[in-house]
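Beneath this line is the structure, given in structure tokens, with notes to follow.
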Amino acid sequence: KSAASGNLVAPNTSLGQHFLKNPAVVTAIVAKAGIKPTDSVLEIGPGTGNMTVPLLQQSKHVIAIEFDTRMVREVLKRVEGTAEERKLKIIQGDAIKTRFPFFDVCVANVPYQISSALVFKLLSHRPMFRCAVMMFQEEFALRLTARPGEALYCRLSVNTQLLAKVDQLMKVGRNNFRPPPKVESRVVRIELRNPPPPVNFTEWDGMIRLLFNRKNKTLRAVLLTKSTIKLLDENIRTQRALNSNNKSMEDDEEKMSEQIIEEVVAMEQWKDKRASKLDLDDFLALLAEFNKRGVHFA
């Protein structure tokens, strides 16, 4: 073991740590984040600080969230005695459980285990930030921008595209990391839609989650299962109980979910359709149609 490799901190691969070692890639990612001197930057998983230092040089300050205490020490050691030292704040903790501070731009080389949870956390973060530039495993990154009919199109694709605009920025080969991960990576830019779409996200996700459980089955086959009908009937009863003050409870003519589903999926627009081929506008129209008839997914 050479002296040089002797003082390198060993990555903890059980935490999904793969350090980005190529300075050219670091420079490109920082450039794509378009950081201004007045910006607060949130960095998730700074590792040994290869990206933290250039982020500090270009921003007002950096708040870094790091789970591994060894890395916290490493990054602090790296800026000690430099002009950047006072611009850095490190929070030791789990990025998913930690309350995010205010920030303008988020930059992250994301461990695979927390990719999905982190994207959802950023999508719901308020006040809104300008953009997030993030490195993910290639397949995960491609899911974020997958279109209807593509193999990778999934709940993550639909939810992300509802709430944000996502651009694929660059591919990063395995050999730019220490140790090399098993797969290639990609960098994406996420910008929240402002204003956000006028839809109740909890209910939207309730419907999307149901439909993508079996995305290649027809809407009719997915929605007319015993468990789904039971769930939707319970929601109908709850809604009606809440609205019961407005009308008499003697109204036995009220339809239950099975009948309503049959009516909706028989409509020309939805007949024999499958979630895997529907786009955002289709899902918004479908949810509105169900809501109009008193069926709610949350």
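Residue numbering restarts at 1 for every chain of the structure tokens, chains are lettered A, B, ... in their displayed order, and ligands are numbered from 1 as they appear.
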| request: Please identify all polymer residues within 12 Å of region 264-270 of chain A, counting only C-alpha atoms, omitting same-chain residues fewer than 3 positions from it, and present them as a PyMOL selection string. | output: chain A and resi 218-224+257-261+273-275+277-278+281-283+285-295
TODO: List the neighbours of Thr98 (chain A) out to 10 Å using only C-alpha atoms; skip same-chain residues closer than 6 positions along the sequence, and give me the result as a ChimeraX atom specification.
DONE: /A:65,91-92
Taking the DSSP assignment computed from this structure's backbone, write out as a compact mmCIF listing (two decimals) with C-alpha atoms, in the first residue's frame all residues of region 88-181 of chain A that belong to alpha helix (DSSP H).
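Written out: selection_10.txt:
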```
# COMPACT_ATOMS: atom_id res chain seq x y z
CA SER A 115 -32.64 7.97 -4.00
CA SER A 116 -36.41 7.59 -4.06
CA ALA A 117 -37.04 8.94 -0.55
CA LEU A 118 -34.77 11.90 -1.23
CA VAL A 119 -36.51 12.85 -4.48
CA PHE A 120 -39.91 12.78 -2.76
CA LYS A 121 -38.57 14.82 0.15
CA LEU A 122 -37.25 17.49 -2.25
CA LEU A 123 -40.48 17.54 -4.28
CA GLU A 138 -28.40 5.42 -14.40
CA GLU A 139 -31.62 3.41 -14.29
CA PHE A 140 -33.04 5.51 -11.46
CA ALA A 141 -32.17 8.74 -13.30
CA LEU A 142 -33.87 7.48 -16.46
CA ARG A 143 -37.02 6.55 -14.51
CA LEU A 144 -37.37 10.22 -13.54
CA THR A 145 -37.86 11.24 -17.18
CA ARG A 155 -45.03 5.75 -10.22
CA LEU A 156 -41.76 7.63 -9.64
CA SER A 157 -41.85 8.98 -13.25
CA VAL A 158 -45.43 10.21 -12.99
CA ASN A 159 -45.12 11.78 -9.53
CA THR A 160 -41.84 13.50 -10.31
CA GLN A 161 -43.08 14.89 -13.63
CA LEU A 162 -46.30 16.12 -12.01
CA LEU A 163 -44.36 18.24 -9.51
```
Exercise for review: Using only C-alpha atoms, determine which residues lie at most 9 Å from region 110-113 of chain A, disregarding the query and same-chain residues fewer than 3 positions distant; provide the list as a ChimeraX atom specification.
Suggested key: /A:15-18,44-45,116-118,134-137,140
Residues within 6 Å of Met71 (chain A), please, as an mmCIF file with N, CA, C and O atoms, in the first residue's frame. Count only C-alpha atoms; anything in the same chain fewer than 2 positions from it doesn't count.
```cif
data_model
loop_
_atom_site.group_PDB
_atom_site.id
_atom_site.type_symbol
_atom_site.label_atom_id
_atom_site.label_comp_id
_atom_site.auth_asym_id
_atom_site.auth_seq_id
_atom_site.Cartn_x
_atom_site.Cartn_y
_atom_site.Cartn_z
ATOM 1 N N GLY A 47 -19.286 13.319 1.473
ATOM 2 C CA GLY A 47 -18.164 12.383 1.398
ATOM 3 C C GLY A 47 -16.896 13.043 1.909
ATOM 4 O O GLY A 47 -16.895 13.663 2.970
ATOM 5 N N THR A 48 -15.820 12.965 1.123
ATOM 6 C CA THR A 48 -14.546 13.542 1.582
ATOM 7 C C THR A 48 -14.436 15.029 1.235
ATOM 8 O O THR A 48 -13.407 15.647 1.485
ATOM 9 N N ASP A 68 -22.167 9.760 7.936
ATOM 10 C CA ASP A 68 -20.964 9.075 8.424
ATOM 11 C C ASP A 68 -20.060 10.052 9.195
ATOM 12 O O ASP A 68 -19.516 10.991 8.629
ATOM 13 N N THR A 69 -19.888 9.804 10.490
ATOM 14 C CA THR A 69 -19.095 10.723 11.321
ATOM 15 C C THR A 69 -17.647 10.847 10.831
ATOM 16 O O THR A 69 -17.032 11.902 10.978
ATOM 17 N N ARG A 73 -15.688 14.550 9.914
ATOM 18 C CA ARG A 73 -14.334 14.971 10.337
ATOM 19 C C ARG A 73 -13.465 15.291 9.138
ATOM 20 O O ARG A 73 -12.711 16.265 9.121
ATOM 21 N N GLU A 74 -13.575 14.463 8.106
ATOM 22 C CA GLU A 74 -12.763 14.603 6.894
ATOM 23 C C GLU A 74 -13.002 15.963 6.220
ATOM 24 O O GLU A 74 -12.078 16.676 5.852
#
```
*In region 125-210 of chain A, what's strand (DSSP E or B) per DSSP? Answer as a ChimeraX atom specification?*
/A:131-137,164-172,177-178,185-192
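In this comparison, which uses only C-alpha atoms, the residue of A:Glu80, A:Glu66, A:Glu203, A:Glu85 approaching Lys97 (chain A) most closely is A:Glu66.
The residue that comes closest to Ile96 (chain A), out of A:Ala83, A:Phe67, A:Leu152, A:Ser244 and on the basis of only C-alpha atoms, is A:Phe67.
When only C-alpha atoms are used to measure the gap to Ala95 (chain A), the shortest distance among A:Asn12, A:Ile114, A:Ile236, A:Gln57 belongs to A:Ile114.
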Excluding Val188 (chain A) and its own-chain neighbours fewer than 3 positions away, which residues fall within 6 Å of it when counting only C-alpha atoms? Please give them as a ChimeraX atom specification. /A:133-134,167-169
Lys171 (chain A) proximity check over A:Ala28, A:Met128, A:Ile208, A:Leu55, using only C-alpha atoms: winner is A:Ala28
Item checked: Shell of 7 Å around Gln58 (chain A), only C-alpha atoms, local chain residues under 6 positions omitted, as a ChimeraX atom specification -> /A:35-37
Now that the selection is made, can you save its residues with C-alpha atoms as a PDB file, in the first residue's frame?
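Output (again.pdb):
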```
ATOM      1  CA  ILE A  35     -24.453  28.796  -8.326  1.00  0.00           C
ATOM      2  CA  LYS A  36     -24.533  32.532  -7.530  1.00  0.00           C
ATOM      3  CA  PRO A  37     -22.422  34.257  -4.847  1.00  0.00           C
TER       4      PRO A  37
END
```
Using only C-alpha atoms, the best pick from A:Val62, A:Ala146, A:Met256, A:Leu210 as closest to Phe103 (chain A) would be A:Val62
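Closest approach to Arg130 (chain A) from the set A:Asn243, A:Val25, A:Glu191, A:Ile229 is made by A:Glu191, with distances taken over only C-alpha atoms.
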